[in-house]
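Reviewing the structure listed below.
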Amino acid sequence: MTVGSESAAETSPTSTEAPPPKKYGVTMPLSLAGPSEADLQRSAALEKFLRDSGLYESDEETAKREQVLRQLDQIVKLWVKKLTRQRGYSDQMVEDANAVILTFGSYQLGVHGPGADIDTLCIGPSYINRDEDFFIILRDILVEMEEVSELQPVPDAHVPVMKFKFQGISIDLLYASISLLVVPEDFDISERSVLYNVDEATVRSLNGCRVADQILKLVPNAEHFRTTLKCLKFWAKRRGVYSNVTGFLGGVNWALLVARVCQFYPNAIPSMLVSRFFRVYTQWRWPNPVMLCPIEEADLGFLVWDPRKNPKDRTHHMPIITPAYPCMNSSYNVSPSTLRVMMDQFQFGNKICEEIELNKAQWGALFEPYLFFEVYKNYLQVDIVAADNYDLLAWKGWVESRLRQLTLKIERDTNGMLQCHPYPNEFVDTSKPCPHCAFFMGLQRKQGVQVQEGQQFDIRGTVDEFKQDVSMYSYWRPGMDIYVSHVRRKQIPGYVFPEGYKRQRLSRNPTQCTTTPEKDAKCCKSPEDRHPKRKHENETVDANSNRLGKRTSVSPQRIGSASPASAGLSPTTGICKESKVEHLSTGDVASCVPGSVNEQWECAESVLVSSSKIHLSCEGNVSLGEQISRLGDGCLSASNVLGSGLPDKSQPNNALKRVIEASRDGASPEPLQEPAIRLSLESTA
């Protein structure tokens with residue numbers, strides 16, 4: 001029974017007025033239309049495609065996960081009882097001492113696939129702390145267990161976590177000490193009282209479970225939500241936009257976006273929801289926030305997302321707000337560059353879904369992998385090396401978490417003229433004897449900008465600043481190092497391509513660096529050494545710019561004896577200390593001069609926010625607001641109140657109904673009962 005028919009059944013037979021549709025989230029639904037016969041067929045085909053793609057785990061793996069969680073629950077219970085006894089509590093207290101294991105993330109939402117990790121949270125009593133009891137004592141207990149491998153504590157993370165494998169299943173274990181002496185077995189994490197007298201790290205640990213529970217409560221149909229989310233997570237990974245740490249979106253971000261579309265179309269089935277997802281978010285006008293419910297205020301003193309009070313919140317480019325107090329922006333890592341890339345991918349998804357609805361394409365076309373190494377002509381390659389695999393695991397995690405800063409620094413130092421596209425996947429050259437991996441960024445010039453003849457991008461100083469920042473790693477060990485180099489598409493190493501893949505363009509005269517077995521055995525070759533030819537390519541003088549085409553690279557400032565910058569490597573290792581190829585000339589970065597033809601570059605437009613002040617207001621008829629009208633769930637009203645995003649006195653956004661629905665649902669769309677908002681961005685710089 002649909003929402004409309006349910007409401008009709010509750011209305012008196014003599015009533016002639018149709019009841020209002022049920023409200024989901026902060027607005028009324030965009031459409032109450034249900035599926036047609038064609039939609040049902042497309043949904044069946046989509047679910048078959050997902051199963052054939054191996055996105056559903058077997059019954060045996062499901063049972064193994066449940067067994068692992070039961071064992072982990074018993075381990076933490078015994079751990080708490082042991083510490084309670086050691087600290088002199090009574091026998092009754094020892095008997096009552098308890099800890100519970102809760103899950104969150106993809107496992108709790110029911111969208112995990114084979115081999116996925118399990119996000120878990122241990123809730124313990126107030127006298128069991130995180131720093132010593134969890135990260136030292138519990139860690140020592142786990143280390144001694146045969147079932148545990150690859151244990152990696154990360155106490156300094158934004159959300160402190162202990163990562164390990166238990167019987168081969170990856171576990172991310174958080175800890176939260178709540179203000180109770182005894183944790184009940186039926187502990188309800190949704191109660192706000194769990195946030196009393198806890199620090200912010202504990203709040204962040206608790207919020208994973210609280211957000212997952214709220215999402216499942218706020219969607220109209222949990223099964224349709226799960227299938228749609230599983231589909232879109234798979235799509236995001238195939239298209240290279242699934243990674244919170246590099247500035248794209250992670251699991252909770254995609255879950256919130258999908259949940260909002262489910263609220264917009266409460267009677268839609270998965271095939272419809274996937275299509276509507278792309279239709280909505282190609283039209284969404286960021287930085288208006290996506291919210292599943294109104295932002296909740298409380299007197300507990302925790303910071304909530306609020307651009308009125310927090311200037312930092314005004315700089316967020318793609319706010320996706322969590323539905324549990326304290327409400328936060330889950331996508332604060334998104335940058336102008338990564339937002340631009342995601343919007344391009346939303347356009348791609350929308351186009352394919354339109355073709356699927358017209359029977360011009362099959363679902364497989366939507367999941368075609370993104371050919372990142374065929375899109376750009378120029379790339380940055382970041383090679384990460386360490387002395388052993390254990391060191392590489394920790395070092396790689398740290399460097400990867402800082403790559404977003406490199407993107408921001410490059411765009412800052414080139415005034416946005418050089419745009420970066422970080423690729424979230426890591427690559428390993430298995431032919432090298434030393435532990436290492438590599439990340440890549442695509443480079444392109446901003447679209448529509450006239451290029452001065454001889455103009456160059458010199459980002460060596462930017463790269464040196466980034467390398468110095470990375471070298472401040474608290475747990476640095478000898479052998480940990482990074483190398484950043486500029487490589488052209490034809491110089492991309494072969495190990496990044498899948499086996500059997502045929503590159504569209506091959507290097508005419510690939511230059512190989514001559515090495516000896518002795519050098520190769522000591523360490524991997526840096527990109528600088530692999531491509532010595534580029535030293536000569538950049539040794540040119542530009543007469544028009546009166547500027548040397550090649551400069552001596554400035555090495556990072558030495559920071560003590562225990563740092564990558566200061567440890568150094570002997571000349572026999574074959575690794576250069578200096579960044580010799582981060583100097584990009586106009587020849588390196590393709591020209592966008594009107595009249596020139598360069599099919600290898602796709603210059604894309606991006607909106608960059610620098611030192612401008614952003615004023616948020618809900619205004620009905622403001623010229624600037626009319627020019628940059630935004631579709632979104634919330635904004636600040638003229639009375640400075642952060643509400644549902646749809647004040648009664650604002651003008652209706654009829655364009656939204658026209659663009660979003662366009663009579664595709666097979667039924668007349670429900671009119672928006674509340675008007676949308678126009679978000680004015682006025683620069684006062």
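Residues are referred to by chain and number: the chain letter is A, B, ... according to the order shown in the structure tokens, the number counts from 1 in that chain, and ligands are numbered separately from 1 in the order shown.
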- Item | Near-stretch 107-112 of chain A list (7 Å; only C-alpha atoms; drop same-chain fewer than 4 positions) as a list in words |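 Residues meeting the cut-off are Thr103, Ala116, Ile118, Ala212, Arg226 and Lys230 of chain A.
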Write the residues of the preceding selection, restricted to N, CA, C and O atoms, as a PDB file, in the first residue's frame.
```pdb
ATOM      1  N   THR A 103      27.905  -2.533  16.364  1.00  0.00           N
ATOM      2  CA  THR A 103      28.422  -2.347  15.005  1.00  0.00           C
ATOM      3  C   THR A 103      27.836  -1.086  14.397  1.00  0.00           C
ATOM      4  O   THR A 103      26.781  -0.594  14.818  1.00  0.00           O
ATOM      5  N   ALA A 116      34.517  -7.318   3.206  1.00  0.00           N
ATOM      6  CA  ALA A 116      34.463  -5.978   3.806  1.00  0.00           C
ATOM      7  C   ALA A 116      34.809  -6.052   5.285  1.00  0.00           C
ATOM      8  O   ALA A 116      34.612  -7.077   5.952  1.00  0.00           O
ATOM      9  N   ILE A 118      34.493  -4.872   9.339  1.00  0.00           N
ATOM     10  CA  ILE A 118      33.364  -4.625  10.243  1.00  0.00           C
ATOM     11  C   ILE A 118      33.747  -3.474  11.160  1.00  0.00           C
ATOM     12  O   ILE A 118      34.748  -3.550  11.886  1.00  0.00           O
ATOM     13  N   ALA A 212      24.100   5.557  12.199  1.00  0.00           N
ATOM     14  CA  ALA A 212      23.575   4.399  11.468  1.00  0.00           C
ATOM     15  C   ALA A 212      22.154   4.067  11.918  1.00  0.00           C
ATOM     16  O   ALA A 212      21.274   3.784  11.084  1.00  0.00           O
ATOM     17  N   ARG A 226      18.764  -0.134   1.167  1.00  0.00           N
ATOM     18  CA  ARG A 226      19.971  -0.961   1.165  1.00  0.00           C
ATOM     19  C   ARG A 226      20.401  -1.331  -0.254  1.00  0.00           C
ATOM     20  O   ARG A 226      21.587  -1.245  -0.599  1.00  0.00           O
ATOM     21  N   LYS A 230      23.888  -0.080  -1.883  1.00  0.00           N
ATOM     22  CA  LYS A 230      24.866  -1.068  -2.339  1.00  0.00           C
ATOM     23  C   LYS A 230      25.249  -0.791  -3.789  1.00  0.00           C
ATOM     24  O   LYS A 230      26.425  -0.853  -4.178  1.00  0.00           O
TER      25      LYS A 230
END
```
- Message: So that I can check the secondary structure, give me every residue of stretch 345-395 of chain A assigned helix (DSSP H, G or I) by backbone DSSP, as a list in words.
- Response: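 Residues meeting the helix (DSSP H, G or I) criterion: Gln345, Phe346, Gln347, Phe348, Gly349, Asn350, Lys351, Ile352, Cys353, Glu354, Glu355, Ile356, Glu357, Trp363, Gly364, Ala365, Leu366, Phe367, Phe372, Phe373, Glu374, Val375, Asn389, Tyr390, Asp391, Leu392, Leu393, Ala394 and Trp395 of chain A.
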- Query: Can you tell me how far atom CA of A:Ala386 sits from atom CA of A:Arg477, in Å to one decimal?
  - Reply: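 Between atom CA of A:Ala386 and atom CA of A:Arg477 the gap is 8.3 Å.
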- Item | Shortest interatomic distance to A:Cys122 - which of A:Ala176, A:Ile141, A:Leu72, A:Ala387, counting only C-alpha atoms |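 Closest to A:Cys122 of all the choices is A:Ala176.
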- Tell me, which residues of stretch 106-314 of chain A carry DSSP strand (DSSP E), written as an MDAnalysis selection string? chainID A and resid 118:124 148:154 161:166 169:177
- Message: With only C-alpha atoms as the counted atoms, please give the residues lying no more than 10 Å from A:Ala298, apart from itself and same-chain residues fewer than 6 positions off, as an MDAnalysis selection string.
- Response: chainID A and resid 192 304 325:326
Please produce a file of those selected residues containing N, CA and C atoms, as a CSV table (one decimal), in the first residue's frame.
```csv
chain,number,residue,atom,x,y,z
A,192,ARG,N,20.3,10.4,24.5
A,192,ARG,CA,21.2,11.5,24.6
A,192,ARG,C,22.1,11.4,25.8
A,304,VAL,N,27.9,21.9,17.0
A,304,VAL,CA,27.1,21.4,15.9
A,304,VAL,C,27.3,22.2,14.7
A,325,TYR,N,22.5,14.0,17.1
A,325,TYR,CA,23.2,15.0,17.9
A,325,TYR,C,24.6,14.5,18.4
A,326,PRO,N,25.6,15.3,18.3
A,326,PRO,CA,25.7,16.6,17.7
A,326,PRO,C,25.9,16.5,16.2
```
- Item | Counting only C-alpha atoms, the residue of A:Met441, A:Leu392, A:Val290, A:Val161 that sits nearest A:Pro424 |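 Nearest to A:Pro424: A:Met441.
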- Could you tell me which of A:Asn207, A:Thr315, A:Ser330, A:Asn425 comes closest to A:Leu257 if we count only C-alpha atoms?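 Nearest candidate to A:Leu257 out of A:Asn207, A:Thr315, A:Ser330, A:Asn425: A:Ser330.
Rounded to one decimal, atom CA of A:Ala33 and atom CA of A:Phe264 lie 10.7 Å from each other.
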